[in-house]
Amino acid sequence: MALRGVVWRSTYHDSMVLMRIAEGLRARPGVREAAVLMGTAANHALLAAAGLATPDVADATPGDLIIAVDAGDALQAQAALDAAKGLFDERRQAREATGQALPRTLDSALRQLPDANLAAISIPGAHAAVEARRALKQGLHVFLFSDNVPLETEVELKRLAVEKRLLCMGPDCGTAYLNGVGLGFANVVPRGRIGCVAASGTGLQAVASHLAALGEGISHGIGVGGRDLSAEVGGLMTFLALDALRADAATEVVVLISKPVAPSVMPRLDAALRALGKPVVVCCLGASPEPGSAGTWVSTLEDAAHAAAALASGRVWAARAFSDTEAVRVLLARLAAEAGRGARRGEGILGLYTGGTLAHETTLILEPLLGTIAANFGGRGPGGPHKVLDLGADEFTAGRPHPMIDPSGRAARVSEAGRSAKVSVLLLDLVLGRAAHDDPAASLAAAIRDARDVAARDGRTLTVIASIVGTERDPQGLRAQTDALESAGAIVLPSNAQAARFAALVAKPELAPAMLGQR
C-alpha cells in the first residue's frame with residue numbers, strides 16, 4: 001500500500017467538480033481510494049477517519065486544495081497524483097469550448113442575468129455565509145446547498161431573509177421546487193395544487209414522487225433545512241414559507257415535512273397552521289400531535305402524500321400498512337417455501353440508505369416491531385442484530401461523492417453483506433432524479449446478484465428488499481430502475497415505509513396476523 005498526498009495552494013473548485021475528479025482518480029490503475037477536497041478543519045478530520053491523512057497535507061488551509069491517494073504501490077500513487085492536473089484541465093477545456101464565460105462572482109453573475117431572483121450556493125460552509133449574506137442584501141432568494149454552516153450563522157442569515165421577505169432555504173438544503181423549477185436533487189414531477197415545506201431533501205423528493213404517482217403535482221416545495229424548527233432557529237423560514245403558500249392562489253393543500261418540532265416552537269407553529277386557511281398535512285417523523293393540534297398528522301412520507309391527495313380531492317383517506325396485502329402474503333409464502341428447503345437465515349436486518357430521511361423513517365417503523373435499531377445517526381448505538389446506516393453521512397463521504405451521485409461505494413457494501421452470516425435481510429433505497437447518478441440500479445443490481453449468490457453458496461438465504469423514490473419522467477426512468485433491481489432478485493415495494501414493514505415481517509413472521517389481518 002502507498003499513501004500519497006499533495007496540496008495545491010490557494011486553489012478553489014466547487015465541491016461537485018472535486019467529487020468528479022476524485023471519481024476519475026479512483027478509476028486509475030491500482031488506486032484503492034482517493035480524496036480531492038478543500039483543506040478545512042472538517043475535511044482534515046474526514047481524511048483522518050478515512051485513513052487518507054498524510055504529513056504532506058497536514059498544513060493545508062481552507063483555501064488550499066488537497067489531493068490524497070491510496071494505491072497499490074508508490075508508482076501508481078504518484079501517477080494518480082500526476083493525472084489530477086490533466087483531469088482538471090479536461091474539465092476547463094470542455095467548459096471553454098462552449099464559448100461561455102462563467103462568472104466568478106455574484107456581481108458578474110448578476111450582470112449576465114440581471115433579472116435573476118435566486119442564488120444557489122454550494123461552497124464550503126465556512127465561506128457560504130458570506131455569499132448568502134451578499135445575495136440576500138442584493139434582494140435574491142437563497143438556495144443554500146452548503147452544509148457545515150454554524151447554527152448562529154444560520155439564525156443570522158434567516159433573520160436577514162425574514163426582514164427582507166426573502167427565502168433562505170437551508171443550510172444543507174438538498175431539494176426545492178419553485179414555480180415548477182427543481183433545485184438540487186429534484187425529481188421530475190408535474191406542477192399542481194399541493195405545496196410543501198420540508199426540512200429535508202429526500203423527504204420532499206419522496207412526497208413529491210408519491211404525489212406524482214397519485215396524479216397530483218407540486219405548486220412549490222420549499223426546503224428550510226433540518227434545524228429550522230429547533231428552539232435556536234425558532235422556525236424562522238418555516239413560518240415565512242407557510243405564509244408564502246398561504247398567499248399562493250395555486251396552492252390548495254399544504255404538507256409540512258419535518259423532524260420533531262422543539263416544544264418552544266410548537267405553539268407558534270400550530271397557530272401558523274391554523275392561520276393558513278387551507279387543509280394541511282403534518283409529517284413530523286417521530287413526533288405525535290398534541291390533542292387538538294391543527295392539521296392531519298401522519299407518521300410516514302407515503303401517508304403524507306396520500307393524505308394530501310385525498311384532501312385536495314375531497315376524499316376520505318385512512319392509513320394502511322400495505323397497498324396490496326394479498327401480494328405481500330404471496331411474497332411471504334414464497335420466502336417461507338425457500339426457507340423450508342433448508343437454507344439457513346441470519347437474524348439481522350441491514351439497511352444501507354442513500355437518503356438520510358428515509359433511513360430515519362425506517363428506524364421509526366422498525367423499532368416498535370423489532371426493538372432497538374442500531375444506526376449511525378440520532379445518537380443511536382452500534383449494538384443489536386438490526387442496523388440502519390445513512391451512507392450519506394460525513395463518515396462515509398470523505399472525499400467521495402454522495403452515494404446518490406456515485407453508487408459504487410454502497411454497491412461494495414451490498415456485496416460485503418452477502419458474506420455476512422448475520423445478515424438475513426438487506427434493506428435498500430434508490431433515489432432518482434436530476435443530479436443523481438444516471439443509472440444507479442446497474443451497479444446496485446450487480447452487487448445484489450453477487451451478495452445473493454455468495455449467500456446461496458454458503459447455504460444461506462439473503463432477502464433483498466428495496467424501494468425507489470422517483471418518477472417515470474426522471475432521467476433514469478422509474479420502471480427501468482425497478483426492472484433492474486427485480487431482475488437481480490430484489491423485492492421492490494411501492495414505498496420506503498412498506499419496504500421497512502415487509503422487512504420486519506421477513507425477520508419476524510409472527511407479526512403477520514397483526515399487520516396483515518386474519519384471512
# chains A, B, ... in the order shown; residues from 1 in each chain; ligands from 1
$ residues_around --residues "Asp107 of chain A" --least-positions-apart "3" --cutoff "12 Å" --atoms "only C-alpha atoms" --output "MDAnalysis selection string"
chainID A and resid 103:104 110:114 116 119 131 134:135 137:138 140
$ write_last_selection --atoms "C-alpha atoms" --output "short mmCIF file (atom, residue, chain, number, x, y, z; two decimals), in the first residue's frame"
data_model
loop_
_atom_site.label_atom_id
_atom_site.label_comp_id
_atom_site.auth_asym_id
_atom_site.auth_seq_id
_atom_site.Cartn_x
_atom_site.Cartn_y
_atom_site.Cartn_z
CA PRO A 103 -18.98 34.33 -13.80
CA ARG A 104 -16.64 34.14 -10.85
CA LEU A 110 -25.98 39.39 -11.99
CA ARG A 111 -24.54 41.31 -14.91
CA GLN A 112 -25.12 38.24 -17.08
CA LEU A 113 -28.56 37.56 -15.56
CA PRO A 114 -29.90 40.92 -14.37
CA ALA A 116 -32.33 36.65 -11.65
CA ALA A 119 -28.86 32.39 -5.94
CA GLU A 131 -22.08 34.69 -0.25
CA ARG A 134 -24.37 39.13 -0.07
CA ALA A 135 -27.14 37.54 -2.14
CA LYS A 137 -28.64 42.01 0.53
CA GLN A 138 -28.92 42.10 -3.28
CA LEU A 140 -32.11 37.43 -4.03
#
$ select_by_dssp --residues "segment 41-221 of chain A" --states "helix (DSSP H, G or I)" --output "short mmCIF file (atom, residue, chain, number, x, y, z; two decimals) with N, CA, C and O atoms, in the first residue's frame"
data_model
loop_
_atom_site.label_atom_id
_atom_site.label_comp_id
_atom_site.auth_asym_id
_atom_site.auth_seq_id
_atom_site.Cartn_x
_atom_site.Cartn_y
_atom_site.Cartn_z
N ALA A 41 -10.94 22.35 8.43
CA ALA A 41 -10.74 21.50 9.60
C ALA A 41 -11.62 20.26 9.53
O ALA A 41 -11.17 19.15 9.87
N ALA A 42 -12.86 20.45 9.09
CA ALA A 42 -13.77 19.31 8.98
C ALA A 42 -13.24 18.29 7.97
O ALA A 42 -13.30 17.08 8.20
N ASN A 43 -12.69 18.78 6.85
CA ASN A 43 -12.18 17.86 5.84
C ASN A 43 -10.90 17.15 6.30
O ASN A 43 -10.67 15.99 5.94
N HIS A 44 -10.09 17.83 7.08
CA HIS A 44 -8.91 17.16 7.66
C HIS A 44 -9.36 16.00 8.55
O HIS A 44 -8.76 14.91 8.51
N ALA A 45 -10.42 16.23 9.32
CA ALA A 45 -10.94 15.16 10.19
C ALA A 45 -11.49 14.00 9.36
O ALA A 45 -11.30 12.83 9.70
N LEU A 46 -12.16 14.34 8.26
CA LEU A 46 -12.71 13.29 7.40
C LEU A 46 -11.59 12.49 6.74
O LEU A 46 -11.69 11.26 6.62
N LEU A 47 -10.51 13.15 6.32
CA LEU A 47 -9.37 12.45 5.75
C LEU A 47 -8.77 11.48 6.76
O LEU A 47 -8.44 10.33 6.43
N ALA A 48 -8.65 11.94 8.01
CA ALA A 48 -8.09 11.07 9.04
C ALA A 48 -8.99 9.86 9.27
O ALA A 48 -8.51 8.72 9.38
N ALA A 49 -10.31 10.09 9.31
CA ALA A 49 -11.25 8.99 9.53
C ALA A 49 -11.21 7.99 8.39
O ALA A 49 -11.42 6.78 8.59
N PRO A 55 1.32 13.36 6.27
CA PRO A 55 2.05 14.57 6.70
C PRO A 55 2.15 15.62 5.60
O PRO A 55 2.23 16.81 5.88
N ASP A 56 2.13 15.17 4.34
CA ASP A 56 2.26 16.11 3.22
C ASP A 56 1.12 17.10 3.14
O ASP A 56 1.27 18.18 2.54
N VAL A 57 -0.05 16.76 3.69
CA VAL A 57 -1.23 17.63 3.55
C VAL A 57 -1.65 18.23 4.89
O VAL A 57 -2.67 18.93 4.95
N ALA A 74 3.95 2.88 -4.81
CA ALA A 74 4.30 4.29 -4.89
C ALA A 74 4.18 4.83 -6.31
O ALA A 74 3.77 5.98 -6.51
N LEU A 75 4.53 4.02 -7.32
CA LEU A 75 4.44 4.49 -8.69
C LEU A 75 2.99 4.75 -9.10
O LEU A 75 2.69 5.74 -9.76
N GLN A 76 2.09 3.85 -8.71
CA GLN A 76 0.67 4.03 -9.03
C GLN A 76 0.10 5.24 -8.31
O GLN A 76 -0.69 6.01 -8.88
N ALA A 77 0.51 5.45 -7.06
CA ALA A 77 0.02 6.61 -6.31
C ALA A 77 0.49 7.91 -6.95
O ALA A 77 -0.28 8.86 -7.13
N GLN A 78 1.77 7.96 -7.33
CA GLN A 78 2.30 9.18 -7.93
C GLN A 78 1.69 9.43 -9.30
O GLN A 78 1.40 10.58 -9.67
N ALA A 79 1.45 8.36 -10.06
CA ALA A 79 0.81 8.51 -11.37
C ALA A 79 -0.58 9.10 -11.24
O ALA A 79 -1.01 9.92 -12.05
N ALA A 80 -1.29 8.68 -10.20
CA ALA A 80 -2.64 9.21 -9.98
C ALA A 80 -2.57 10.69 -9.61
O ALA A 80 -3.36 11.50 -10.12
N LEU A 81 -1.64 11.07 -8.75
CA LEU A 81 -1.49 12.48 -8.39
C LEU A 81 -1.14 13.31 -9.62
O LEU A 81 -1.67 14.42 -9.81
N ASP A 82 -0.25 12.78 -10.45
CA ASP A 82 0.13 13.50 -11.67
C ASP A 82 -1.05 13.64 -12.63
O ASP A 82 -1.16 14.63 -13.36
N ALA A 83 -1.95 12.64 -12.62
CA ALA A 83 -3.10 12.65 -13.53
C ALA A 83 -4.14 13.68 -13.13
O ALA A 83 -4.98 14.08 -13.95
N ALA A 84 -4.12 14.11 -11.87
CA ALA A 84 -5.14 15.05 -11.40
C ALA A 84 -5.15 16.33 -12.21
O ALA A 84 -6.22 16.84 -12.58
N LYS A 85 -3.97 16.85 -12.51
CA LYS A 85 -3.93 18.10 -13.28
C LYS A 85 -4.58 17.92 -14.64
O LYS A 85 -5.31 18.80 -15.12
N GLY A 86 -4.34 16.78 -15.28
CA GLY A 86 -4.96 16.53 -16.56
C GLY A 86 -6.47 16.47 -16.48
O GLY A 86 -7.18 16.97 -17.37
N LEU A 87 -6.99 15.90 -15.41
CA LEU A 87 -8.45 15.82 -15.23
C LEU A 87 -9.05 17.22 -15.06
O LEU A 87 -10.12 17.52 -15.62
N PHE A 88 -8.38 18.06 -14.27
CA PHE A 88 -8.86 19.43 -14.12
C PHE A 88 -8.78 20.18 -15.45
O PHE A 88 -9.68 20.94 -15.80
N ASP A 89 -7.69 19.97 -16.19
CA ASP A 89 -7.53 20.65 -17.48
C ASP A 89 -8.62 20.23 -18.47
O ASP A 89 -9.14 21.05 -19.23
N GLU A 90 -8.99 18.94 -18.45
CA GLU A 90 -10.04 18.46 -19.35
C GLU A 90 -11.36 19.16 -19.07
O GLU A 90 -12.09 19.54 -19.99
N ARG A 91 -11.68 19.31 -17.79
CA ARG A 91 -12.92 20.00 -17.43
C ARG A 91 -12.88 21.46 -17.86
O ARG A 91 -13.86 22.01 -18.36
N ARG A 92 -11.72 22.10 -17.65
CA ARG A 92 -11.61 23.51 -18.04
C ARG A 92 -11.74 23.66 -19.55
O ARG A 92 -12.45 24.56 -20.04
N GLN A 93 -11.08 22.79 -20.31
CA GLN A 93 -11.14 22.87 -21.77
C GLN A 93 -12.55 22.61 -22.29
O GLN A 93 -13.01 23.27 -23.23
N ALA A 94 -13.24 21.68 -21.68
CA ALA A 94 -14.62 21.40 -22.10
C ALA A 94 -15.51 22.60 -21.85
O ALA A 94 -16.39 22.93 -22.66
N ARG A 95 -15.28 23.29 -20.74
CA ARG A 95 -16.08 24.47 -20.43
C ARG A 95 -15.76 25.61 -21.40
O ARG A 95 -16.67 26.28 -21.90
N GLU A 96 -14.48 25.79 -21.67
CA GLU A 96 -14.09 26.87 -22.58
C GLU A 96 -14.57 26.62 -23.99
O GLU A 96 -14.84 27.56 -24.75
N ALA A 97 -14.71 25.34 -24.38
CA ALA A 97 -15.16 25.01 -25.74
C ALA A 97 -16.59 25.45 -26.00
O ALA A 97 -17.00 25.62 -27.14
N LEU A 106 -20.68 36.97 -7.59
CA LEU A 106 -22.11 37.23 -7.64
C LEU A 106 -22.42 38.44 -8.50
O LEU A 106 -23.37 38.43 -9.30
N ASP A 107 -21.62 39.47 -8.39
CA ASP A 107 -21.86 40.68 -9.17
C ASP A 107 -21.77 40.41 -10.68
O ASP A 107 -22.59 40.89 -11.46
N SER A 108 -20.74 39.63 -11.09
CA SER A 108 -20.62 39.34 -12.52
C SER A 108 -21.74 38.42 -12.99
O SER A 108 -22.20 38.53 -14.13
N ALA A 109 -22.21 37.54 -12.11
CA ALA A 109 -23.35 36.69 -12.47
C ALA A 109 -24.60 37.53 -12.68
O ALA A 109 -25.38 37.29 -13.62
N LEU A 110 -24.80 38.52 -11.84
CA LEU A 110 -25.98 39.39 -11.99
C LEU A 110 -25.88 40.26 -13.24
O LEU A 110 -26.91 40.62 -13.82
N ARG A 111 -24.66 40.57 -13.66
CA ARG A 111 -24.54 41.31 -14.91
C ARG A 111 -24.96 40.45 -16.10
O ARG A 111 -25.53 40.94 -17.07
N GLN A 112 -24.68 39.15 -16.02
CA GLN A 112 -25.12 38.24 -17.08
C GLN A 112 -26.61 37.95 -17.00
O GLN A 112 -27.28 37.77 -18.02
N GLY A 125 -18.92 25.36 3.85
CA GLY A 125 -19.76 26.06 4.82
C GLY A 125 -19.11 27.27 5.44
O GLY A 125 -19.77 28.26 5.76
N ALA A 126 -17.79 27.21 5.62
CA ALA A 126 -17.09 28.34 6.23
C ALA A 126 -17.20 29.60 5.39
O ALA A 126 -17.09 30.72 5.91
N HIS A 127 -17.40 29.46 4.09
CA HIS A 127 -17.47 30.62 3.19
C HIS A 127 -18.89 30.88 2.69
O HIS A 127 -19.15 31.93 2.11
N ALA A 128 -19.78 29.92 2.90
CA ALA A 128 -21.12 30.03 2.34
C ALA A 128 -21.88 31.22 2.89
O ALA A 128 -22.65 31.88 2.18
N ALA A 129 -21.69 31.50 4.17
CA ALA A 129 -22.45 32.58 4.80
C ALA A 129 -22.17 33.92 4.15
O ALA A 129 -23.08 34.75 3.99
N VAL A 130 -20.92 34.15 3.77
CA VAL A 130 -20.56 35.43 3.15
C VAL A 130 -21.34 35.63 1.86
O VAL A 130 -21.92 36.70 1.61
N GLU A 131 -21.37 34.57 1.02
CA GLU A 131 -22.08 34.69 -0.25
C GLU A 131 -23.59 34.74 -0.05
O GLU A 131 -24.29 35.46 -0.75
N ALA A 132 -24.10 33.98 0.92
CA ALA A 132 -25.54 34.01 1.18
C ALA A 132 -25.97 35.39 1.67
O ALA A 132 -27.00 35.92 1.25
N ARG A 133 -25.17 35.96 2.55
CA ARG A 133 -25.50 37.30 3.06
C ARG A 133 -25.47 38.33 1.93
O ARG A 133 -26.36 39.19 1.83
N ARG A 134 -24.48 38.21 1.06
CA ARG A 134 -24.37 39.13 -0.07
C ARG A 134 -25.58 39.00 -1.00
O ARG A 134 -26.13 39.99 -1.47
N ALA A 135 -25.99 37.76 -1.25
CA ALA A 135 -27.14 37.54 -2.14
C ALA A 135 -28.42 38.10 -1.54
O ALA A 135 -29.22 38.75 -2.23
N LEU A 136 -28.62 37.88 -0.25
CA LEU A 136 -29.82 38.41 0.40
C LEU A 136 -29.84 39.93 0.35
O LEU A 136 -30.89 40.55 0.11
N LYS A 137 -28.70 40.54 0.57
CA LYS A 137 -28.64 42.01 0.53
C LYS A 137 -28.88 42.55 -0.88
O LYS A 137 -29.27 43.72 -1.04
N LEU A 151 -24.63 27.14 13.49
CA LEU A 151 -26.02 27.40 13.86
C LEU A 151 -26.28 28.89 14.03
O LEU A 151 -27.30 29.42 13.55
N GLU A 152 -25.38 29.59 14.68
CA GLU A 152 -25.60 31.02 14.91
C GLU A 152 -25.59 31.79 13.59
O GLU A 152 -26.30 32.80 13.45
N THR A 153 -24.82 31.31 12.63
CA THR A 153 -24.80 31.95 11.32
C THR A 153 -26.11 31.70 10.59
O THR A 153 -26.64 32.61 9.92
N GLU A 154 -26.64 30.51 10.72
CA GLU A 154 -27.95 30.22 10.11
C GLU A 154 -29.01 31.16 10.66
O GLU A 154 -29.83 31.70 9.89
N VAL A 155 -29.02 31.36 11.96
CA VAL A 155 -30.01 32.26 12.57
C VAL A 155 -29.85 33.67 12.03
O VAL A 155 -30.84 34.34 11.68
N GLU A 156 -28.61 34.12 11.93
CA GLU A 156 -28.36 35.48 11.42
C GLU A 156 -28.87 35.63 9.99
O GLU A 156 -29.53 36.62 9.64
N LEU A 157 -28.55 34.64 9.13
CA LEU A 157 -28.98 34.72 7.73
C LEU A 157 -30.50 34.70 7.60
O LEU A 157 -31.09 35.45 6.82
N LYS A 158 -31.14 33.86 8.40
CA LYS A 158 -32.59 33.74 8.28
C LYS A 158 -33.30 34.98 8.84
O LYS A 158 -34.36 35.37 8.33
N ARG A 159 -32.74 35.59 9.84
CA ARG A 159 -33.32 36.85 10.33
C ARG A 159 -33.24 37.93 9.26
O ARG A 159 -34.19 38.70 9.06
N LEU A 160 -32.10 37.97 8.57
CA LEU A 160 -31.95 38.93 7.47
C LEU A 160 -32.96 38.61 6.36
O LEU A 160 -33.59 39.53 5.81
N ALA A 161 -33.13 37.34 6.04
CA ALA A 161 -34.07 36.95 5.00
C ALA A 161 -35.50 37.32 5.36
O ALA A 161 -36.26 37.85 4.53
N VAL A 162 -35.88 37.08 6.60
CA VAL A 162 -37.24 37.42 7.04
C VAL A 162 -37.45 38.93 6.96
O VAL A 162 -38.51 39.40 6.54
N GLU A 163 -36.44 39.68 7.38
CA GLU A 163 -36.54 41.14 7.32
C GLU A 163 -36.80 41.62 5.89
O GLU A 163 -37.55 42.57 5.67
N LYS A 164 -36.19 40.94 4.91
CA LYS A 164 -36.34 41.33 3.51
C LYS A 164 -37.43 40.54 2.79
O LYS A 164 -37.61 40.71 1.57
N GLY A 201 -34.15 16.94 2.04
CA GLY A 201 -34.21 16.75 0.60
C GLY A 201 -34.96 15.51 0.20
O GLY A 201 -35.93 15.55 -0.55
N THR A 202 -34.53 14.34 0.72
CA THR A 202 -35.17 13.09 0.31
C THR A 202 -36.59 12.99 0.81
O THR A 202 -37.42 12.32 0.19
N GLY A 203 -36.90 13.63 1.94
CA GLY A 203 -38.30 13.64 2.40
C GLY A 203 -39.20 14.35 1.41
O GLY A 203 -40.27 13.85 1.05
N LEU A 204 -38.75 15.51 0.93
CA LEU A 204 -39.52 16.25 -0.07
C LEU A 204 -39.58 15.47 -1.38
O LEU A 204 -40.63 15.41 -2.04
N GLN A 205 -38.47 14.85 -1.78
CA GLN A 205 -38.47 14.06 -3.01
C GLN A 205 -39.47 12.91 -2.93
O GLN A 205 -40.19 12.62 -3.89
N ALA A 206 -39.50 12.22 -1.79
CA ALA A 206 -40.41 11.09 -1.63
C ALA A 206 -41.86 11.53 -1.73
O ALA A 206 -42.67 10.92 -2.44
N VAL A 207 -42.21 12.61 -1.04
CA VAL A 207 -43.60 13.08 -1.07
C VAL A 207 -43.97 13.56 -2.47
O VAL A 207 -45.05 13.24 -2.98
N ALA A 208 -43.08 14.30 -3.12
CA ALA A 208 -43.37 14.80 -4.46
C ALA A 208 -43.55 13.65 -5.45
O ALA A 208 -44.44 13.68 -6.31
N SER A 209 -42.72 12.61 -5.33
CA SER A 209 -42.82 11.47 -6.24
C SER A 209 -44.10 10.67 -6.00
O SER A 209 -44.76 10.23 -6.94
N HIS A 210 -44.46 10.48 -4.73
CA HIS A 210 -45.73 9.80 -4.43
C HIS A 210 -46.92 10.60 -4.96
O HIS A 210 -47.88 10.02 -5.50
N LEU A 211 -46.87 11.90 -4.80
CA LEU A 211 -47.97 12.73 -5.31
C LEU A 211 -48.08 12.60 -6.83
O LEU A 211 -49.19 12.52 -7.38
N ALA A 212 -46.94 12.56 -7.52
CA ALA A 212 -46.97 12.40 -8.97
C ALA A 212 -47.63 11.08 -9.36
O ALA A 212 -48.41 11.01 -10.31
N ALA A 213 -47.32 10.01 -8.60
CA ALA A 213 -47.92 8.71 -8.89
C ALA A 213 -49.42 8.73 -8.65
O ALA A 213 -50.16 7.94 -9.26
#
$ residues_around --residues "Ala2 of chain A" --least-positions-apart "6" --cutoff "6 Å" --atoms "only C-alpha atoms" --output "PyMOL selection string"
chain A and resi 70-74
$ closest_residue --among "A:Thr105, A:Ser467, A:Thr300, A:Thr251" --to "Gly277 of chain A" --atoms "only C-alpha atoms"
A:Thr251
$ closest_residue --among "A:Ala307, A:Leu391, A:Leu301, A:Leu364" --to "Asn376 of chain A" --atoms "only C-alpha atoms"
A:Leu391
$ select_by_dssp --residues "segment 20-266 of chain A" --states "strand (DSSP E)" --output "ChimeraX atom specification"
/A:31-38,65-71,118-121,141-144,168-169,175-178,181-184,191-198,218-223,253-258
$ closest_residue --among "A:Glu347, A:Glu290, A:Asp228, A:Glu361" --to "Glu302 of chain A" --atoms "only C-alpha atoms"
A:Glu361
$ atom_distance --atom1 "atom CA of Ile66 of chain A" --atom2 "atom CA of Met404 of chain A"
23.2 Å
$ residues_around --residues "Asp483 of chain A" --least-positions-apart "6" --cutoff "12 Å" --atoms "only C-alpha atoms" --output "list in words"
Ala441, Ala442, Ala445, Ala466, Ile468, Gln476, Gly477, Gly489, Ala490, Ile491 and Val492 of chain A
$ closest_residue --among "A:Gly170, A:Pro401, A:Gly234, A:Gly292" --to "Ile21 of chain A" --atoms "only C-alpha atoms"
A:Pro401
$ residues_around --residues "Ser258 of chain A" --least-positions-apart "5" --cutoff "7 Å" --atoms "only C-alpha atoms" --output "PyMOL selection string"
chain A and resi 198-199+283-285
$ write_last_selection --atoms "C-alpha atoms" --output "mmCIF file, in the first residue's frame"
data_model
loop_
_atom_site.group_PDB
_atom_site.id
_atom_site.type_symbol
_atom_site.label_atom_id
_atom_site.label_comp_id
_atom_site.auth_asym_id
_atom_site.auth_seq_id
_atom_site.Cartn_x
_atom_site.Cartn_y
_atom_site.Cartn_z
ATOM 1 C CA ALA A 198 -39.744 20.410 4.113
ATOM 2 C CA ALA A 199 -36.704 20.188 6.322
ATOM 3 C CA CYS A 283 -45.482 14.682 8.863
ATOM 4 C CA CYS A 284 -43.064 15.231 11.745
ATOM 5 C CA LEU A 285 -41.180 11.932 11.716
#
